[in-house]
file query15.txt (compact mmCIF, N, CA and C atoms)
# COMPACT_ATOMS: atom_id res chain seq x y z
N MET A 1 17.66 40.31 48.06
CA MET A 1 16.75 41.33 48.50
C MET A 1 15.79 40.70 49.48
N ASP A 2 15.80 41.17 50.72
CA ASP A 2 14.92 40.65 51.75
C ASP A 2 13.65 41.47 51.80
N CYS A 3 12.53 40.78 51.89
CA CYS A 3 11.24 41.46 52.00
C CYS A 3 10.49 40.87 53.18
N GLU A 4 9.86 41.74 53.90
CA GLU A 4 8.98 41.29 54.97
C GLU A 4 7.71 40.73 54.33
N PRO A 5 7.14 39.68 54.91
CA PRO A 5 5.91 39.12 54.34
C PRO A 5 4.81 40.16 54.15
N GLN A 6 4.69 41.08 55.08
CA GLN A 6 3.64 42.11 54.97
C GLN A 6 3.92 43.03 53.77
N ASP A 7 5.20 43.39 53.56
CA ASP A 7 5.57 44.24 52.43
C ASP A 7 5.27 43.54 51.11
N LEU A 8 5.61 42.26 51.04
CA LEU A 8 5.37 41.48 49.84
C LEU A 8 3.87 41.39 49.55
N LYS A 9 3.08 41.15 50.60
CA LYS A 9 1.64 41.05 50.45
C LYS A 9 1.07 42.37 49.95
N GLN A 10 1.51 43.48 50.52
CA GLN A 10 1.02 44.80 50.11
C GLN A 10 1.40 45.10 48.66
N SER A 11 2.63 44.73 48.28
CA SER A 11 3.08 44.94 46.91
C SER A 11 2.21 44.16 45.93
N MET A 12 1.89 42.92 46.28
CA MET A 12 1.04 42.10 45.42
C MET A 12 -0.35 42.71 45.29
N VAL A 13 -0.90 43.20 46.39
CA VAL A 13 -2.23 43.82 46.37
C VAL A 13 -2.21 45.06 45.49
N ASN A 14 -1.18 45.90 45.65
CA ASN A 14 -1.07 47.12 44.84
C ASN A 14 -0.97 46.78 43.35
N ASN A 15 -0.13 45.81 43.00
CA ASN A 15 0.03 45.42 41.61
C ASN A 15 -1.26 44.85 41.04
N PHE A 16 -1.96 44.04 41.83
CA PHE A 16 -3.22 43.47 41.38
C PHE A 16 -4.23 44.57 41.11
N CYS A 17 -4.31 45.55 42.01
CA CYS A 17 -5.26 46.65 41.84
C CYS A 17 -4.94 47.45 40.58
N GLU A 18 -3.65 47.70 40.32
CA GLU A 18 -3.28 48.43 39.11
C GLU A 18 -3.68 47.66 37.87
N VAL A 19 -3.44 46.35 37.85
CA VAL A 19 -3.82 45.53 36.70
C VAL A 19 -5.33 45.50 36.56
N ALA A 20 -6.05 45.34 37.66
CA ALA A 20 -7.51 45.29 37.61
C ALA A 20 -8.07 46.61 37.08
N ASP A 21 -7.51 47.75 37.53
CA ASP A 21 -7.96 49.05 37.03
C ASP A 21 -7.72 49.16 35.54
N TRP A 22 -6.54 48.72 35.07
CA TRP A 22 -6.21 48.79 33.65
C TRP A 22 -7.17 47.93 32.84
N GLU A 23 -7.43 46.71 33.31
CA GLU A 23 -8.33 45.81 32.58
C GLU A 23 -9.73 46.39 32.52
N GLU A 24 -10.18 46.99 33.61
CA GLU A 24 -11.51 47.57 33.63
C GLU A 24 -11.62 48.71 32.63
N ARG A 25 -10.60 49.58 32.59
CA ARG A 25 -10.60 50.67 31.62
C ARG A 25 -10.57 50.13 30.20
N ASP A 26 -9.80 49.07 29.99
CA ASP A 26 -9.66 48.50 28.66
C ASP A 26 -10.97 47.92 28.16
N PHE A 27 -11.75 47.31 29.03
CA PHE A 27 -12.98 46.65 28.62
C PHE A 27 -14.17 47.59 28.57
N GLU A 28 -14.06 48.79 29.13
CA GLU A 28 -15.20 49.70 29.12
C GLU A 28 -15.65 50.00 27.70
N GLY A 29 -14.72 50.16 26.76
CA GLY A 29 -15.09 50.47 25.38
C GLY A 29 -14.87 49.31 24.43
N ALA A 30 -14.74 48.10 24.95
CA ALA A 30 -14.39 46.96 24.10
C ALA A 30 -15.47 46.63 23.08
N ASP A 31 -16.74 46.90 23.39
CA ASP A 31 -17.78 46.54 22.45
C ASP A 31 -18.01 47.63 21.40
N VAL A 32 -17.30 48.75 21.51
CA VAL A 32 -17.41 49.82 20.54
C VAL A 32 -16.14 49.81 19.70
N LYS A 33 -16.29 49.48 18.41
CA LYS A 33 -15.14 49.43 17.52
C LYS A 33 -15.11 50.69 16.66
N ASP A 34 -13.93 51.14 16.36
CA ASP A 34 -13.77 52.21 15.40
C ASP A 34 -13.61 51.54 14.05
N MET A 35 -14.61 51.66 13.21
CA MET A 35 -14.59 50.95 11.93
C MET A 35 -13.51 51.46 10.99
N ARG A 36 -13.03 52.70 11.18
CA ARG A 36 -11.92 53.18 10.35
C ARG A 36 -10.68 52.33 10.60
N VAL A 37 -10.41 52.02 11.86
CA VAL A 37 -9.26 51.18 12.21
C VAL A 37 -9.44 49.79 11.62
N GLU A 38 -10.64 49.25 11.74
CA GLU A 38 -10.92 47.93 11.16
C GLU A 38 -10.74 47.95 9.64
N ALA A 39 -11.24 49.01 9.00
CA ALA A 39 -11.15 49.11 7.55
C ALA A 39 -9.69 49.22 7.10
N GLU A 40 -8.89 49.99 7.82
CA GLU A 40 -7.46 50.11 7.48
C GLU A 40 -6.77 48.75 7.61
N ALA A 41 -7.15 47.98 8.60
CA ALA A 41 -6.57 46.65 8.79
C ALA A 41 -6.95 45.74 7.61
N VAL A 42 -8.18 45.82 7.16
CA VAL A 42 -8.63 45.03 6.01
C VAL A 42 -7.81 45.40 4.78
N VAL A 43 -7.65 46.69 4.54
CA VAL A 43 -6.88 47.16 3.37
C VAL A 43 -5.45 46.64 3.43
N ASN A 44 -4.81 46.78 4.58
CA ASN A 44 -3.42 46.35 4.72
C ASN A 44 -3.26 44.84 4.56
N ASP A 45 -4.30 44.12 4.90
CA ASP A 45 -4.22 42.66 4.88
C ASP A 45 -4.22 42.07 3.47
N VAL A 46 -4.98 42.66 2.57
CA VAL A 46 -5.12 42.05 1.23
C VAL A 46 -4.73 42.97 0.09
N ASN A 47 -4.12 44.08 0.38
CA ASN A 47 -3.74 45.03 -0.65
C ASN A 47 -2.85 44.41 -1.72
N PHE A 48 -2.09 43.40 -1.36
CA PHE A 48 -1.17 42.74 -2.30
C PHE A 48 -1.91 41.99 -3.41
N ALA A 49 -3.17 41.67 -3.21
CA ALA A 49 -3.88 40.80 -4.15
C ALA A 49 -4.95 41.52 -4.97
N VAL A 50 -4.91 42.86 -4.93
CA VAL A 50 -5.84 43.66 -5.72
C VAL A 50 -5.07 44.79 -6.41
N ARG A 51 -5.67 45.44 -7.39
CA ARG A 51 -5.00 46.57 -8.05
C ARG A 51 -4.95 47.79 -7.14
N HIS A 52 -6.07 48.07 -6.49
CA HIS A 52 -6.17 49.25 -5.63
C HIS A 52 -7.15 48.96 -4.51
N MET A 53 -6.84 49.46 -3.34
CA MET A 53 -7.75 49.30 -2.21
C MET A 53 -7.45 50.40 -1.20
N ALA A 54 -8.50 51.13 -0.78
CA ALA A 54 -8.33 52.21 0.19
C ALA A 54 -9.66 52.50 0.87
N VAL A 55 -9.56 53.01 2.08
CA VAL A 55 -10.75 53.45 2.80
C VAL A 55 -11.27 54.70 2.10
N SER A 56 -12.58 54.75 1.88
CA SER A 56 -13.19 55.89 1.22
C SER A 56 -12.98 57.16 2.05
N LYS A 57 -12.60 58.22 1.37
CA LYS A 57 -12.43 59.51 2.04
C LYS A 57 -13.68 60.38 1.91
N SER A 58 -14.60 60.01 1.02
CA SER A 58 -15.77 60.86 0.82
C SER A 58 -17.05 60.32 1.45
N LEU A 59 -17.11 59.03 1.74
CA LEU A 59 -18.28 58.47 2.41
C LEU A 59 -18.06 58.52 3.92
N PRO A 60 -19.14 58.62 4.69
CA PRO A 60 -18.99 58.76 6.14
C PRO A 60 -18.38 57.50 6.78
N VAL A 61 -17.53 57.73 7.76
CA VAL A 61 -16.92 56.65 8.53
C VAL A 61 -17.24 56.92 10.00
N GLY A 62 -17.63 55.87 10.71
CA GLY A 62 -17.96 56.05 12.11
C GLY A 62 -17.62 54.83 12.92
N GLU A 63 -18.18 54.80 14.11
CA GLU A 63 -17.94 53.66 14.99
C GLU A 63 -18.61 52.40 14.47
N ASP A 64 -19.67 52.57 13.64
CA ASP A 64 -20.44 51.40 13.22
C ASP A 64 -20.34 51.07 11.73
N VAL A 65 -19.71 51.94 10.93
CA VAL A 65 -19.63 51.68 9.49
C VAL A 65 -18.42 52.37 8.89
N ALA A 66 -17.86 51.71 7.88
CA ALA A 66 -16.79 52.30 7.06
C ALA A 66 -16.96 51.76 5.65
N TYR A 67 -16.42 52.50 4.70
CA TYR A 67 -16.52 52.09 3.30
C TYR A 67 -15.11 51.95 2.72
N ILE A 68 -14.95 50.93 1.91
CA ILE A 68 -13.66 50.62 1.31
C ILE A 68 -13.83 50.54 -0.21
N ASN A 69 -12.99 51.25 -0.93
CA ASN A 69 -12.97 51.17 -2.39
C ASN A 69 -11.95 50.12 -2.80
N VAL A 70 -12.36 49.24 -3.70
CA VAL A 70 -11.44 48.19 -4.16
C VAL A 70 -11.58 48.02 -5.67
N GLU A 71 -10.42 47.90 -6.32
CA GLU A 71 -10.39 47.54 -7.73
C GLU A 71 -9.67 46.21 -7.81
N THR A 72 -10.35 45.21 -8.37
CA THR A 72 -9.77 43.88 -8.46
C THR A 72 -8.71 43.85 -9.56
N LYS A 73 -7.97 42.78 -9.59
CA LYS A 73 -6.95 42.62 -10.64
C LYS A 73 -7.59 42.55 -12.03
N GLU A 74 -8.86 42.17 -12.08
CA GLU A 74 -9.58 42.13 -13.36
C GLU A 74 -10.03 43.52 -13.81
N GLY A 75 -9.91 44.51 -12.93
CA GLY A 75 -10.32 45.88 -13.26
C GLY A 75 -11.72 46.24 -12.81
N ASN A 76 -12.40 45.36 -12.09
CA ASN A 76 -13.73 45.66 -11.58
C ASN A 76 -13.62 46.51 -10.32
N LYS A 77 -14.46 47.56 -10.25
CA LYS A 77 -14.45 48.46 -9.10
C LYS A 77 -15.67 48.21 -8.23
N TYR A 78 -15.42 48.25 -6.93
CA TYR A 78 -16.48 48.05 -5.95
C TYR A 78 -16.31 49.02 -4.80
N CYS A 79 -17.44 49.35 -4.18
CA CYS A 79 -17.42 50.02 -2.90
C CYS A 79 -17.97 49.01 -1.90
N LEU A 80 -17.19 48.76 -0.85
CA LEU A 80 -17.58 47.78 0.16
C LEU A 80 -18.00 48.49 1.44
N GLU A 81 -19.00 47.95 2.08
CA GLU A 81 -19.44 48.45 3.38
C GLU A 81 -18.93 47.49 4.45
N LEU A 82 -18.32 48.03 5.47
CA LEU A 82 -17.83 47.24 6.61
C LEU A 82 -18.63 47.62 7.84
N THR A 83 -19.31 46.63 8.42
CA THR A 83 -20.07 46.83 9.67
C THR A 83 -19.82 45.63 10.57
N GLU A 84 -20.46 45.62 11.72
CA GLU A 84 -20.36 44.47 12.62
C GLU A 84 -20.90 43.21 11.95
N ALA A 85 -21.82 43.37 10.99
CA ALA A 85 -22.39 42.22 10.29
C ALA A 85 -21.41 41.60 9.31
N GLY A 86 -20.40 42.34 8.92
CA GLY A 86 -19.41 41.85 7.97
C GLY A 86 -19.17 42.84 6.86
N LEU A 87 -18.78 42.32 5.71
CA LEU A 87 -18.49 43.13 4.54
C LEU A 87 -19.45 42.77 3.42
N ARG A 88 -19.86 43.78 2.65
CA ARG A 88 -20.70 43.51 1.48
C ARG A 88 -20.46 44.57 0.43
N VAL A 89 -20.72 44.21 -0.81
CA VAL A 89 -20.63 45.14 -1.92
C VAL A 89 -21.86 46.04 -1.87
N VAL A 90 -21.64 47.36 -1.89
CA VAL A 90 -22.77 48.30 -1.90
C VAL A 90 -22.84 49.11 -3.20
N ALA A 91 -21.82 48.98 -4.06
CA ALA A 91 -21.85 49.67 -5.35
C ALA A 91 -20.79 49.08 -6.28
N HIS A 92 -21.03 49.27 -7.56
CA HIS A 92 -20.07 48.85 -8.58
C HIS A 92 -19.32 50.09 -9.07
N GLY A 93 -18.68 50.76 -8.15
CA GLY A 93 -17.90 51.96 -8.41
C GLY A 93 -17.36 52.48 -7.10
N PHE A 94 -16.44 53.42 -7.16
CA PHE A 94 -15.85 53.98 -5.94
C PHE A 94 -16.76 55.02 -5.32
N ASP A 95 -16.72 55.11 -4.01
CA ASP A 95 -17.40 56.16 -3.23
C ASP A 95 -18.88 56.28 -3.55
N GLU A 96 -19.53 55.13 -3.73
CA GLU A 96 -20.96 55.11 -4.02
C GLU A 96 -21.66 54.12 -3.11
N VAL A 97 -22.95 54.37 -2.86
CA VAL A 97 -23.80 53.40 -2.18
C VAL A 97 -25.08 53.30 -2.99
N ASP A 98 -25.30 52.15 -3.58
CA ASP A 98 -26.49 51.89 -4.38
C ASP A 98 -27.49 51.15 -3.50
N GLU A 99 -28.51 51.87 -3.02
CA GLU A 99 -29.49 51.29 -2.10
C GLU A 99 -30.26 50.12 -2.71
N SER A 100 -30.36 50.08 -4.04
CA SER A 100 -31.10 49.00 -4.69
C SER A 100 -30.28 47.71 -4.77
N LEU A 101 -28.98 47.80 -4.53
CA LEU A 101 -28.10 46.63 -4.59
C LEU A 101 -28.22 45.86 -3.27
N SER A 102 -28.65 44.63 -3.37
CA SER A 102 -28.83 43.82 -2.16
C SER A 102 -27.87 42.64 -2.20
N MET A 103 -26.70 42.83 -1.67
CA MET A 103 -25.67 41.79 -1.70
C MET A 103 -25.54 41.16 -0.31
N GLN A 104 -25.09 39.92 -0.30
CA GLN A 104 -24.93 39.21 0.96
C GLN A 104 -23.70 39.69 1.71
N TYR A 105 -23.76 39.57 3.03
CA TYR A 105 -22.61 39.89 3.87
C TYR A 105 -21.63 38.73 3.88
N HIS A 106 -20.36 39.06 3.96
CA HIS A 106 -19.29 38.07 4.10
C HIS A 106 -18.60 38.33 5.43
N GLU A 107 -18.25 37.27 6.11
CA GLU A 107 -17.58 37.42 7.40
C GLU A 107 -16.18 37.99 7.27
N THR A 108 -15.52 37.71 6.15
CA THR A 108 -14.14 38.16 5.97
C THR A 108 -13.96 38.78 4.59
N ILE A 109 -12.91 39.58 4.48
CA ILE A 109 -12.57 40.16 3.19
C ILE A 109 -12.12 39.06 2.23
N TYR A 110 -11.52 38.01 2.76
CA TYR A 110 -11.07 36.89 1.92
C TYR A 110 -12.24 36.25 1.21
N SER A 111 -13.31 36.02 1.95
CA SER A 111 -14.50 35.40 1.38
C SER A 111 -15.14 36.29 0.33
N LEU A 112 -15.23 37.57 0.61
CA LEU A 112 -15.84 38.49 -0.34
C LEU A 112 -15.02 38.55 -1.63
N LEU A 113 -13.71 38.77 -1.50
CA LEU A 113 -12.87 38.84 -2.70
C LEU A 113 -12.84 37.53 -3.46
N ASP A 114 -12.88 36.43 -2.75
CA ASP A 114 -12.91 35.13 -3.40
C ASP A 114 -14.15 34.98 -4.27
N SER A 115 -15.25 35.59 -3.85
CA SER A 115 -16.50 35.47 -4.60
C SER A 115 -16.57 36.39 -5.82
N VAL A 116 -15.77 37.46 -5.83
CA VAL A 116 -15.87 38.41 -6.95
C VAL A 116 -14.63 38.46 -7.84
N SER A 117 -13.53 37.81 -7.42
CA SER A 117 -12.29 37.96 -8.18
C SER A 117 -11.47 36.68 -8.25
N PRO A 118 -11.56 35.96 -9.38
CA PRO A 118 -10.71 34.77 -9.54
C PRO A 118 -9.22 35.11 -9.47
N ALA A 119 -8.83 36.30 -9.92
CA ALA A 119 -7.41 36.70 -9.86
C ALA A 119 -6.96 36.89 -8.41
N TYR A 120 -7.89 37.32 -7.53
CA TYR A 120 -7.56 37.41 -6.10
C TYR A 120 -7.23 36.02 -5.57
N ARG A 121 -8.06 35.06 -5.92
CA ARG A 121 -7.87 33.69 -5.46
C ARG A 121 -6.48 33.18 -5.87
N GLU A 122 -6.10 33.47 -7.13
CA GLU A 122 -4.80 33.05 -7.63
C GLU A 122 -3.66 33.78 -6.89
N ALA A 123 -3.79 35.08 -6.71
CA ALA A 123 -2.75 35.87 -6.02
C ALA A 123 -2.60 35.41 -4.57
N PHE A 124 -3.72 35.12 -3.92
CA PHE A 124 -3.67 34.65 -2.54
C PHE A 124 -2.97 33.29 -2.47
N GLY A 125 -3.31 32.40 -3.40
CA GLY A 125 -2.68 31.08 -3.43
C GLY A 125 -1.19 31.17 -3.69
N ASN A 126 -0.79 32.06 -4.60
CA ASN A 126 0.63 32.25 -4.88
C ASN A 126 1.37 32.80 -3.67
N ALA A 127 0.77 33.76 -2.98
CA ALA A 127 1.40 34.34 -1.79
C ALA A 127 1.56 33.27 -0.71
N LEU A 128 0.57 32.44 -0.56
CA LEU A 128 0.63 31.36 0.42
C LEU A 128 1.74 30.37 0.06
N LEU A 129 1.83 30.04 -1.20
CA LEU A 129 2.87 29.12 -1.67
C LEU A 129 4.27 29.69 -1.41
N HIS A 130 4.46 30.97 -1.69
CA HIS A 130 5.77 31.61 -1.45
C HIS A 130 6.13 31.62 0.03
N ARG A 131 5.15 31.87 0.87
CA ARG A 131 5.41 31.85 2.32
C ARG A 131 5.78 30.46 2.81
N LEU A 132 5.10 29.46 2.28
CA LEU A 132 5.42 28.08 2.67
C LEU A 132 6.81 27.69 2.19
N GLU A 133 7.17 28.11 0.98
CA GLU A 133 8.51 27.82 0.46
C GLU A 133 9.58 28.51 1.31
N ALA A 134 9.32 29.74 1.72
CA ALA A 134 10.26 30.47 2.57
C ALA A 134 10.40 29.80 3.92
N LEU A 135 9.30 29.34 4.46
CA LEU A 135 9.32 28.63 5.73
C LEU A 135 10.13 27.33 5.63
N GLU A 136 9.95 26.63 4.52
CA GLU A 136 10.68 25.39 4.29
C GLU A 136 12.18 25.65 4.22
N LYS A 137 12.59 26.74 3.55
CA LYS A 137 14.01 27.08 3.46
C LYS A 137 14.60 27.42 4.82
N VAL A 138 13.82 28.10 5.65
CA VAL A 138 14.28 28.45 6.99
C VAL A 138 14.48 27.20 7.84
N GLN A 139 13.64 26.20 7.66
CA GLN A 139 13.73 24.98 8.45
C GLN A 139 14.86 24.07 8.00
N GLU A 140 15.40 24.27 6.79
CA GLU A 140 16.47 23.41 6.28
C GLU A 140 17.80 23.72 6.91
call {"tool": "encode", "arguments": {"input": "query15.txt", "output": "structure tokens"}}
result
Amino acid sequence: MDCEPQDLKQSMVNNFCEVADWEERDFEGADVKDMRVEAEAVVNDVNFAVRHMAVSKSLPVGEDVAYINVETKEGNKYCLELTEAGLRVVAHGFDEVDESLSMQYHETIYSLLDSVSPAYREAFGNALLHRLEALEKVQE
């Protein structure tokens, strides 16, 4: 395929402009997160290591906050708040917010669950061990 230098140059300019427009559109809302999407990702990530975990359907969900109900393997129930600051326990029950409860924020769901559920720690360790064993078998 023969191309004139001018045609090639124009094609490159057009492609660059399309990519630049796409990147600009993509970054316009980059600092605004939909916390429902974040909360669903959290649930999907660690659902294997708890009895029950779901995004609350009765508490408000927005761009800046979402609530997650979790029941640990020990049977303890919590309502978690997810914000840009992280995750924290806001109640010892589902779909509740106890304003008097002042719990620390955790950067990750792993850290939070590790602090409240020894069974989570064990389930996570077992899952990691199984993945490593599977990886070892694939490499053999």
call {"tool": "closest_atom_pairs", "arguments": {"input": "query15.txt", "of": "stretch 102-125 of chain A", "to": "stretch 41-54 of chain A", "cutoff": "10 Å", "atoms": "only C-alpha atoms", "output": "tab-separated table"}}
result
residue	atom	partner	partner_atom	distance
A:Thr108	CA	A:Val42	CA	8.8
A:Ile109	CA	A:Val42	CA	6.9
A:Tyr110	CA	A:Val46	CA	7.9
A:Leu113	CA	A:Val50	CA	9.0
A:Ser117	CA	A:Val50	CA	9.0
A:Ala119	CA	A:Ala49	CA	7.9
A:Tyr120	CA	A:Ala49	CA	5.4
A:Arg121	CA	A:Ala49	CA	8.3
A:Glu122	CA	A:Ala49	CA	8.5
A:Ala123	CA	A:Ala49	CA	5.4
A:Phe124	CA	A:Ala49	CA	6.4
A:Gly125	CA	A:Ala49	CA	9.8
call {"tool": "atom_distance", "arguments": {"input": "query15.txt", "atom1": "atom N of A:Leu87", "atom2": "atom C of A:Leu112"}}
result
9.1 Å
call {"tool": "atom_distance", "arguments": {"input": "query15.txt", "atom1": "atom CA of A:Ala66", "atom2": "atom CA of A:Leu128"}}
result
28.0 Å
call {"tool": "atom_distance", "arguments": {"input": "query15.txt", "atom1": "atom CA of A:Ser111", "atom2": "atom C of A:Ile68"}}
result
15.2 Å
call {"tool": "closest_residue", "arguments": {"input": "query15.txt", "among": "A:Gly93, A:Glu84, A:Val65, A:Ala127", "to": "A:Glu107", "atoms": "only C-alpha atoms"}}
result
A:Glu84
call {"tool": "closest_residue", "arguments": {"input": "query15.txt", "among": "A:Val116, A:Val70, A:Asn76, A:Thr83", "to": "A:Met35", "atoms": "only N, CA and C atoms"}}
result
A:Thr83
call {"tool": "closest_residue", "arguments": {"input": "query15.txt", "among": "A:Leu59, A:Gly75, A:Glu136, A:Asp114", "to": "A:Glu96", "atoms": "all atoms listed in the file"}}
result
A:Leu59
